[in-house]
Each structure stands twice: as structure tokens, then as C-alpha cells.
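**Q** The file below is run06.csv, CSV, C-alpha atoms:
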chain,number,residue,atom,x,y,z
A,24,MET,CA,84.8,-33.6,147.9
A,25,ARG,CA,83.3,-34.6,144.5
A,26,ILE,CA,84.4,-38.2,145.1
A,27,ILE,CA,82.7,-38.2,148.5
A,28,ALA,CA,79.6,-36.6,147.1
A,29,ALA,CA,79.4,-39.1,144.3
A,30,PHE,CA,79.8,-42.0,146.8
A,31,LEU,CA,77.0,-40.6,149.1
A,32,CYS,CA,74.7,-40.5,146.1
A,33,LEU,CA,75.6,-44.1,145.4
A,34,ILE,CA,74.8,-45.0,149.0
A,35,GLY,CA,71.4,-43.4,148.5
A,36,LEU,CA,70.7,-45.4,145.4
A,37,THR,CA,71.6,-48.7,147.1
A,38,ARG,CA,69.4,-47.9,150.0
A,39,ALA,CA,66.5,-47.7,147.6
A,40,SER,CA,67.4,-51.1,146.2
A,41,SER,CA,67.6,-54.6,147.7
A,42,ALA,CA,71.3,-54.1,148.7
A,43,GLN,CA,72.8,-55.8,151.7
A,44,HIS,CA,74.7,-53.5,154.0
A,45,THR,CA,77.7,-54.0,156.3
A,46,LEU,CA,79.5,-51.8,158.8
A,47,ASP,CA,83.0,-53.0,159.6
A,48,LEU,CA,84.6,-51.5,162.8
A,49,GLU,CA,88.2,-52.2,163.5
A,50,ALA,CA,90.6,-51.4,166.3
A,51,GLY,CA,94.3,-52.3,166.3
A,52,TYR,CA,97.8,-51.6,167.6
A,53,PHE,CA,100.5,-50.9,165.1
A,54,PHE,CA,104.2,-51.7,165.4
A,55,PRO,CA,106.5,-49.5,163.3
A,56,GLY,CA,108.8,-51.3,160.9
A,57,TYR,CA,110.9,-49.0,158.7
A,58,ASN,CA,110.0,-45.4,158.0
A,59,ASP,CA,112.6,-43.7,155.8
A,60,VAL,CA,112.1,-40.2,154.5
A,61,ALA,CA,113.9,-37.5,152.6
A,62,ILE,CA,112.4,-34.1,151.8
A,63,PRO,CA,113.1,-33.1,148.9
A,64,GLY,CA,113.6,-36.6,147.5
A,65,ASP,CA,116.6,-35.6,145.4
A,66,SER,CA,118.5,-33.4,147.8
A,67,GLY,CA,117.1,-33.9,151.3
A,68,THR,CA,119.0,-35.9,154.0
A,69,ARG,CA,117.8,-39.5,154.2
A,70,LEU,CA,116.3,-39.9,157.7
A,71,SER,CA,114.8,-43.0,159.4
A,72,LEU,CA,112.0,-42.1,161.7
A,73,THR,CA,112.4,-45.6,163.3
A,74,ASP,CA,116.2,-46.1,163.4
A,75,ASP,CA,117.6,-42.6,163.7
A,76,LEU,CA,114.8,-41.7,166.0
A,77,ASP,CA,112.8,-43.7,168.5
A,78,ALA,CA,109.3,-44.5,167.4
A,79,ASP,CA,106.4,-46.0,169.4
A,80,GLY,CA,103.4,-48.0,168.3
A,81,ASP,CA,99.9,-46.7,169.0
A,82,VAL,CA,96.2,-47.6,169.0
A,83,VAL,CA,94.5,-47.0,165.7
A,84,PHE,CA,90.9,-47.3,164.4
A,85,ARG,CA,89.3,-47.6,161.0
A,86,VAL,CA,85.7,-48.0,159.7
A,87,ARG,CA,84.4,-49.3,156.5
A,88,TYR,CA,80.8,-49.3,155.1
A,89,GLY,CA,79.9,-51.7,152.3
A,90,CYS,CA,76.9,-52.9,150.4
A,91,THR,CA,76.3,-55.8,148.0
A,92,ILE,CA,74.1,-55.0,145.0
A,93,SER,CA,72.3,-57.7,142.9
A,94,ASP,CA,74.3,-60.4,144.6
A,95,ARG,CA,77.5,-59.8,142.5
A,96,HIS,CA,78.6,-56.1,143.0
A,97,TRP,CA,80.1,-54.9,146.2
A,98,VAL,CA,80.9,-51.2,146.9
A,99,GLY,CA,82.5,-49.7,150.0
A,100,PHE,CA,83.9,-46.6,151.6
A,101,LEU,CA,86.9,-46.8,154.0
A,102,ALA,CA,88.3,-44.3,156.5
A,103,ALA,CA,91.7,-45.3,158.0
A,104,PRO,CA,93.6,-42.6,159.9
A,105,LEU,CA,97.2,-43.2,161.0
A,106,THR,CA,99.7,-41.1,163.0
A,107,MET,CA,103.1,-42.1,164.3
A,108,GLU,CA,105.2,-40.0,166.7
A,109,SER,CA,109.0,-40.4,167.1
A,110,ALA,CA,111.8,-38.5,168.9
A,111,GLY,CA,115.5,-38.4,169.3
A,112,VAL,CA,118.8,-36.6,168.8
A,113,LEU,CA,120.1,-36.1,165.2
A,114,ASP,CA,123.6,-37.6,164.7
A,115,ARG,CA,124.3,-35.5,161.6
A,116,ASP,CA,123.2,-32.3,159.9
A,117,THR,CA,119.8,-33.0,158.4
A,118,LEU,CA,118.3,-31.0,155.5
A,119,PHE,CA,114.5,-31.5,155.7
A,120,ASP,CA,112.2,-29.4,153.5
A,121,ASP,CA,114.9,-26.8,152.9
A,122,SER,CA,115.4,-26.4,156.7
A,123,LEU,CA,118.8,-27.5,158.1
A,124,PHE,CA,118.6,-29.2,161.5
A,125,PRO,CA,122.2,-29.3,163.0
A,126,ALA,CA,123.7,-32.5,164.4
A,127,GLY,CA,123.0,-32.9,168.1
A,128,SER,CA,119.5,-31.3,167.8
A,129,PRO,CA,116.8,-33.0,169.8
A,130,VAL,CA,113.8,-33.3,167.5
A,131,GLU,CA,110.3,-34.7,167.4
A,132,ALA,CA,108.8,-36.1,164.2
A,133,THR,CA,105.2,-36.7,163.3
A,134,PHE,CA,104.3,-39.0,160.4
A,135,ARG,CA,100.6,-38.9,159.4
A,136,PHE,CA,99.0,-41.0,156.7
A,137,ASP,CA,95.2,-40.8,156.6
A,138,SER,CA,93.6,-42.9,153.9
A,139,TYR,CA,90.1,-42.7,152.5
A,140,ARG,CA,89.0,-45.2,149.8
A,141,MET,CA,86.1,-45.8,147.4
A,142,ILE,CA,86.1,-49.5,146.6
A,143,TYR,CA,84.4,-51.7,144.0
A,144,ARG,CA,84.6,-55.5,143.9
A,145,TYR,CA,82.9,-58.0,141.7
A,146,ILE,CA,82.0,-61.3,143.4
A,147,PHE,CA,83.4,-63.9,141.0
A,148,ARG,CA,82.6,-67.0,143.1
A,149,GLU,CA,80.5,-67.6,146.2
A,150,THR,CA,79.8,-71.1,147.6
A,151,ASP,CA,79.4,-72.6,151.0
A,152,ARG,CA,83.2,-72.8,151.2
A,153,TRP,CA,84.6,-70.0,149.1
A,154,LYS,CA,84.0,-66.3,148.3
A,155,ILE,CA,86.3,-64.6,145.8
A,156,CYS,CA,86.0,-60.9,145.0
A,157,PHE,CA,88.3,-58.7,142.9
A,158,GLY,CA,88.1,-55.1,141.7
A,159,GLY,CA,89.6,-51.7,142.2
A,160,ALA,CA,89.7,-48.7,144.6
A,161,LEU,CA,90.4,-45.0,144.5
A,162,LYS,CA,92.5,-44.0,147.6
A,163,VAL,CA,92.5,-40.4,148.7
A,164,ARG,CA,95.8,-39.9,150.5
A,165,ASP,CA,96.0,-37.1,153.1
A,166,ALA,CA,99.6,-37.3,154.4
A,167,SER,CA,102.2,-35.1,156.2
A,168,ILE,CA,105.6,-35.4,157.7
A,169,GLN,CA,106.7,-32.9,160.3
A,170,LEU,CA,110.1,-32.4,162.0
A,171,GLU,CA,110.5,-30.0,164.9
A,172,GLY,CA,113.3,-29.2,167.3
A,173,GLY,CA,116.1,-26.7,168.1
A,174,GLY,CA,113.7,-23.8,167.6
A,175,MET,CA,113.0,-24.9,164.0
A,176,ALA,CA,110.0,-26.6,162.4
A,177,ALA,CA,109.3,-27.9,158.9
A,178,GLU,CA,106.4,-29.9,157.4
A,179,LYS,CA,105.7,-31.5,154.1
A,180,SER,CA,102.0,-32.2,153.3
A,181,ASN,CA,100.6,-34.1,150.4
A,182,THR,CA,97.1,-34.9,149.3
A,183,GLY,CA,96.4,-37.0,146.2
A,184,VAL,CA,94.3,-39.8,144.6
A,185,VAL,CA,95.9,-43.2,143.9
A,186,PRO,CA,94.3,-46.1,142.1
A,187,LEU,CA,94.6,-49.6,143.7
A,188,LEU,CA,93.6,-53.1,143.1
A,189,SER,CA,91.1,-54.5,145.6
A,190,PHE,CA,90.4,-58.1,146.6
A,191,ASN,CA,88.9,-60.4,149.2
A,192,VAL,CA,89.3,-64.2,149.5
A,193,THR,CA,87.3,-65.9,152.2
A,194,TRP,CA,87.4,-69.6,153.0
A,195,THR,CA,84.8,-71.3,155.3
A,196,PRO,CA,86.3,-74.6,156.6
A,197,PHE,CA,83.5,-74.9,159.2
A,198,GLU,CA,80.0,-73.4,159.6
A,199,LYS,CA,80.3,-69.8,161.0
A,200,LEU,CA,84.1,-69.9,160.9
A,201,HIS,CA,85.9,-68.0,158.2
A,202,LEU,CA,89.6,-67.4,157.2
A,203,LEU,CA,90.0,-64.3,155.0
A,204,MET,CA,92.5,-62.2,153.2
A,205,ASP,CA,91.2,-58.7,152.4
A,206,GLY,CA,92.9,-55.6,151.1
A,207,GLU,CA,94.1,-53.2,148.5
A,208,ALA,CA,97.5,-53.1,146.7
A,209,LEU,CA,99.4,-51.9,143.7
A,210,ALA,CA,103.0,-51.4,142.5
A,211,ALA,CA,104.2,-49.0,139.8
A,212,PRO,CA,107.4,-47.2,138.9
A,213,GLN,CA,106.2,-44.1,140.8
A,214,GLY,CA,105.8,-46.1,144.1
A,215,ARG,CA,103.7,-48.8,145.7
A,216,ALA,CA,101.1,-49.4,148.3
A,217,GLU,CA,99.8,-52.5,150.2
A,218,ASP,CA,97.2,-52.7,152.9
A,219,VAL,CA,96.2,-56.3,153.5
A,220,MET,CA,94.6,-58.1,156.5
A,221,PHE,CA,94.7,-61.8,157.3
A,222,ALA,CA,92.0,-62.6,159.8
A,223,LEU,CA,89.9,-65.3,161.5
A,224,GLN,CA,86.1,-64.4,161.6
A,225,TYR,CA,83.3,-66.0,163.6
A,226,ASP,CA,79.6,-65.4,163.0
A,227,VAL,CA,78.0,-64.8,166.4
A,228,SER,CA,74.6,-64.3,164.7
A,229,PRO,CA,73.3,-63.5,161.1
A,230,ARG,CA,73.8,-59.8,161.9
A,231,LEU,CA,77.1,-59.9,163.9
A,232,ALA,CA,80.5,-61.3,163.2
A,233,LEU,CA,83.7,-60.9,165.2
A,234,GLN,CA,87.2,-61.0,163.7
A,235,ALA,CA,90.9,-60.8,164.7
A,236,GLY,CA,94.1,-61.1,162.9
A,237,TYR,CA,97.1,-59.4,161.4
A,238,ARG,CA,97.4,-56.4,159.0
A,239,ILE,CA,100.3,-55.2,157.0
A,240,LEU,CA,100.6,-51.6,155.7
A,241,GLU,CA,103.5,-50.8,153.4
A,242,GLY,CA,104.5,-48.5,150.6
A,243,GLY,CA,105.9,-45.2,149.5
A,244,ALA,CA,107.2,-43.1,146.7
A,245,ASP,CA,110.5,-42.0,145.3
A,246,ASN,CA,110.7,-38.8,143.2
A,247,ASP,CA,112.4,-35.4,143.2
A,248,GLU,CA,109.8,-34.0,145.6
A,249,VAL,CA,109.7,-36.7,148.2
A,250,TYR,CA,111.3,-40.0,149.2
A,251,THR,CA,109.3,-41.9,151.7
A,252,PHE,CA,108.9,-45.7,152.3
A,253,SER,CA,107.2,-47.1,155.4
A,254,LEU,CA,106.1,-50.4,156.9
A,255,PHE,CA,103.6,-51.0,159.7
A,256,HIS,CA,102.5,-54.2,161.4
A,257,TYR,CA,99.1,-54.3,163.0
A,258,ALA,CA,97.4,-56.6,165.6
A,259,VAL,CA,93.7,-56.0,164.9
A,260,ALA,CA,90.3,-57.0,166.1
A,261,GLY,CA,86.8,-55.8,165.2
A,262,LEU,CA,83.2,-56.6,164.4
A,263,VAL,CA,81.1,-56.6,161.3
A,264,LEU,CA,77.5,-55.6,161.5
A,265,SER,CA,75.0,-56.6,158.7
A,266,PHE,CA,71.7,-54.9,158.1
What is this file in C-alpha cells?
**A**
Amino acid sequence: MRIIAAFLCLIGLTRASSAQHTLDLEAGYFFPGYNDVAIPGDSGTRLSLTDDLDADGDVVFRVRYGCTISDRHWVGFLAAPLTMESAGVLDRDTLFDDSLFPAGSPVEATFRFDSYRMIYRYIFRETDRWKICFGGALKVRDASIQLEGGGMAAEKSNTGVVPLLSFNVTWTPFEKLHLLMDGEALAAPQGRAEDVMFALQYDVSPRLALQAGYRILEGGADNDEVYTFSLFHYAVAGLVLSF
């Protein structure tokens, strides 16, 4: 809550300045890749929510507010919720969060990974053809994994703050047409995270741009408390409002 309050104060300050504001609205459909979990990480049964169970893709939405201050500094706030449902029959005894689900149990799993980010980028280069930005982000991770079936239910929840690198590279080969790579990523011994979009963007007007492309979301952690690594592919489309 302190992070959100500080960011709201920052928004108030930028509104009093000559900042340029954008609102990025994105809709997409995700396709699950791998999603491997073990709770606890050192003694739980390794379970694939996409191979051992059947997982379906779903429609997702995200929103990002951003503003450029003094032509060089960009700050933003992102909200990106994600929930994946899967179901199936366990082919072996599965220990999940200290609950033992017997082999042959029909189960349903819910994987939720909601991400909220405060982002800062410095605009190193901006010409008619290129825009290159680099900085950092603080990601607030609100996640949970739930397994239910056979009269039993167990859930592991986790909320934490993770630092990431943040970047944007935009190439404008033709007037009003842009190719861009935009995202956050970081790898460390404790785990890794990548959320990167590759998109084609077209300026409909000075205040409205449309974009479509591909997003990859991947990452996870491996420790005594939890083992979880997941991969999602997205087909995305959206619009960017400038004001």
C-alpha cells in the first residue's frame, strides 16, 4: 500500500508539470506452455499443471499508465492479472502443501499470478527512427496455487516485491508505423522473470495508436518453500491513448 500511495503522489506531481501522459489498454489470449509446481519445494511432489493435468488458455487484460517528464524520464504503473485453470486425474500420490492427494483422484487446479509494477525508464535516445529506453521496475507479486479434489483442498499463497530491469526499443521504419520490444526481465540465483512484448504499432492520430503482437511471460523460483516455473504465450492487441 505504501508503494501505491507513493506512486499516486508521483502522478499528482506529474500532472502539475508539463508531463505527457499515456494509457495503454491491452487484451490478449494466453496459451499455456509449461507450468511445473511442487509445494513445499524441497519435499512436495513435482506436478505439471499443463502435462499431468489439462490446462486451457483464456482471455486476459492489462492496463498501464505512463507519463514522460522533462522529455527524458518515463514513469509508469502496470496492472496485469492472470489466472489459469486446469483439471484431470492424478496418476500418482501427490503431496501438495502438506496434503496428500491419492493417485486416481480427480482434481482441479487454479494458478493465479497477478502482477503490479512501478516502472522507471530513462530515454537514452529518441530520433525519427529510434527510441531506446532503459531502467528498472518494482513488481508486486500476488500469487497463489490451489489444488482441490477428492474432498480435499490446499492452497499456497505468496505476496512479495521483486526488482526487475525495464526496457523499450522502438523502431519507426515508416511514418506512423512502429516495431517495438517492450518489457521487464531479470534472472538471479533465487529465480527469474521475463515479461516481454513484440508488437507492431500504428498511429491512427496524434492521440491514438493501435498495436498487436506477441507476448511471452516466463519465470519462477526454486527454494525450500516453493518450486514453480511457468511459461505463457500471448496473442495480444490493444490501444494507446495519449493526453
**Q** Can you build me a table of region 131-208 of chain A residues sitting at most 9 Å from region 226-229 of chain A, with the closest atom pair per residue and its distance in Å to one decimal, using only C-alpha atoms, sorted by chain and residue number, as a tab-separated table?
**A**
residue	atom	partner	partner_atom	distance
A:Glu198	CA	A:Asp226	CA	8.7
A:Lys199	CA	A:Asp226	CA	4.9
A:Leu200	CA	A:Asp226	CA	6.7
A:His201	CA	A:Asp226	CA	8.3
**Q** Point out the residue among A:Asp74, A:His44, A:Ala208, A:Asp137 with the least atom-to-atom distance to Thr91 (chain A), counting all atoms listed in the file.
**A**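 Closest to Thr91 (chain A) of all the choices is A:His44.
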**Q** Would you please work out which residue, of A:Leu202, A:Val60, A:Ala244, A:Leu48, is nearest to Leu118 (chain A) when using only C-alpha atoms?
**A** A:Val60
**Q** Show me, as a ChimeraX atom specification, the residues that have an atom within 6 Å of Ile146 (chain A) when counting only C-alpha atoms, minus same-chain residues fewer than 6 positions from it.
**A** /A:95,155-156
**Q** Please, what distance in Å, to one decimal, runs between CA of Trp194 (chain A) and CA of Gly158 (chain A)?
**A** 18.4 Å
**Q** May I ask for the distance between CA of Asp75 (chain A) and CA of Met107 (chain A), given in Å to one decimal place?
**A**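 Computing the Euclidean distance for CA of Asp75 (chain A) and CA of Met107 (chain A) yields 14.5 Å.
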**Q** Give me, as a list in words, all polymer residues having an atom no more than 12 Å from Leu187 (chain A), counting all atoms listed in the file and skipping those fewer than 5 positions away in the same chain.
**A**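 What passes the distance filter is Arg140, Met141, Ile142, Tyr143, Arg144, Phe157, Gly158, Gly159, Ala160, Leu161, Lys162, Val163, Arg164, Gly206, Glu207, Ala208, Leu209, Ala210, Ala211, Gly214, Arg215, Ala216, Glu217, Asp218 and Val219 of chain A.
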**Q** Enter the distance from CA of Val192 (chain A) to CA of Arg148 (chain A), in Å, rounded to one decimal.
**A**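 About the pair CA of Val192 (chain A) and CA of Arg148 (chain A): they are 9.7 Å apart.
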**Q** Do a neighbour search on Ala132 (chain A) at 8 Å with all atoms listed in the file, toss out local chain neighbours closer than 5 positions, and write the hits as a ChimeraX atom specification.
**A** /A:72,108-110,168-171
**Q** Which residues are near region 173-181 of chain A? Cut-off 9 Å, only C-alpha atoms, ignore same chain within fewer than 3 positions. Put them as a PyMOL selection string.
**A** chain A and resi 62+119-125+128-130+164-170+249
**Q** Counting all atoms listed in the file, figure out which residue out of A:Phe190, A:Phe136, A:Tyr52, A:Tyr145 gets nearest to Gly242 (chain A).
**A**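 Nearest to Gly242 (chain A): A:Phe136.
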**Q** Padding 3 Å on each side, edges along x, y and z: where is the centre of the box around the listed atoms of region 74-79 of chain A, and how long are its edges in Å to one decimal? Output it as JSON.
**A**
{"center_x": 112.0, "center_y": -43.9, "center_z": 166.4, "size_x": 17.2, "size_y": 10.4, "size_z": 12.0}
**Q** From the list A:Ala103, A:Cys90, A:Leu113, A:Leu233, which residue is nearest Asp77 (chain A) when using only C-alpha atoms?
**A**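 Of all the options, A:Leu113 lies closest to Asp77 (chain A).
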**Q** Tell me which of A:Leu101, A:Lys154, A:Ala235, A:Ala222 sits closest to Asn191 (chain A), counting only C-alpha atoms.
**A** A:Lys154
**Q** Which of these, A:Gly243, A:Glu248, A:Phe221, A:Gly99, has the shortest distance to Val185 (chain A) once you count all atoms listed in the file?
**A** A:Gly243
**Q** Take region 228-254 of chain A, bring it up to N, CA and C atoms, and give me the output as a compact mmCIF listing (two decimals), keeping the file's coordinate frame.
**A**
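Heads up, here's the output in selection29.txt:
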# COMPACT_ATOMS: atom_id res chain seq x y z
N SER A 228 75.99 -64.22 165.08
CA SER A 228 74.60 -64.30 164.70
C SER A 228 74.54 -63.88 163.19
N PRO A 229 73.38 -63.98 162.54
CA PRO A 229 73.30 -63.50 161.10
C PRO A 229 73.64 -62.07 160.95
N ARG A 230 73.57 -61.26 162.00
CA ARG A 230 73.80 -59.80 161.90
C ARG A 230 75.15 -59.38 162.50
N LEU A 231 75.87 -60.27 163.17
CA LEU A 231 77.10 -59.90 163.90
C LEU A 231 78.17 -60.92 163.69
N ALA A 232 79.36 -60.46 163.28
CA ALA A 232 80.50 -61.30 163.20
C ALA A 232 81.70 -60.64 163.90
N LEU A 233 82.52 -61.44 164.57
CA LEU A 233 83.70 -60.90 165.20
C LEU A 233 84.94 -61.43 164.47
N GLN A 234 86.00 -60.63 164.44
CA GLN A 234 87.20 -61.00 163.70
C GLN A 234 88.45 -60.51 164.40
N ALA A 235 89.55 -61.21 164.18
CA ALA A 235 90.90 -60.80 164.70
C ALA A 235 91.93 -61.34 163.82
N GLY A 236 93.05 -60.61 163.76
CA GLY A 236 94.10 -61.10 162.90
C GLY A 236 95.27 -60.10 162.79
N TYR A 237 95.92 -60.11 161.63
CA TYR A 237 97.10 -59.40 161.40
C TYR A 237 96.95 -58.51 160.12
N ARG A 238 97.41 -57.27 160.17
CA ARG A 238 97.40 -56.40 159.00
C ARG A 238 98.76 -55.86 158.71
N ILE A 239 99.09 -55.78 157.43
CA ILE A 239 100.30 -55.20 157.00
C ILE A 239 100.03 -53.96 156.14
N LEU A 240 100.69 -52.85 156.43
CA LEU A 240 100.60 -51.60 155.70
C LEU A 240 101.97 -51.21 155.23
N GLU A 241 102.19 -51.12 153.91
CA GLU A 241 103.50 -50.80 153.40
C GLU A 241 103.42 -50.05 152.12
N GLY A 242 104.44 -49.21 151.86
CA GLY A 242 104.50 -48.50 150.60
C GLY A 242 105.22 -47.22 150.67
N GLY A 243 105.18 -46.49 149.57
CA GLY A 243 105.90 -45.20 149.50
C GLY A 243 106.09 -44.76 148.09
N ALA A 244 106.87 -43.68 147.96
CA ALA A 244 107.20 -43.10 146.70
C ALA A 244 108.58 -42.56 146.65
N ASP A 245 109.17 -42.53 145.46
CA ASP A 245 110.50 -42.00 145.30
C ASP A 245 110.54 -41.12 144.06
N ASN A 246 110.60 -39.79 144.30
CA ASN A 246 110.70 -38.80 143.20
C ASN A 246 111.46 -37.61 143.67
N ASP A 247 111.57 -36.59 142.82
CA ASP A 247 112.40 -35.40 143.20
C ASP A 247 111.76 -34.65 144.34
N GLU A 248 110.45 -34.74 144.50
CA GLU A 248 109.80 -34.00 145.60
C GLU A 248 109.85 -34.64 146.91
N VAL A 249 109.74 -35.97 146.92
CA VAL A 249 109.70 -36.70 148.20
C VAL A 249 110.21 -38.10 148.04
N TYR A 250 110.93 -38.56 149.05
CA TYR A 250 111.30 -40.00 149.20
C TYR A 250 110.71 -40.42 150.53
N THR A 251 109.83 -41.40 150.48
CA THR A 251 109.30 -41.90 151.70
C THR A 251 108.80 -43.36 151.51
N PHE A 252 109.30 -44.27 152.34
CA PHE A 252 108.90 -45.70 152.30
C PHE A 252 108.68 -46.10 153.79
N SER A 253 107.55 -46.73 154.06
CA SER A 253 107.20 -47.10 155.40
C SER A 253 106.59 -48.47 155.50
N LEU A 254 106.72 -49.10 156.66
CA LEU A 254 106.10 -50.40 156.90
C LEU A 254 105.55 -50.42 158.32
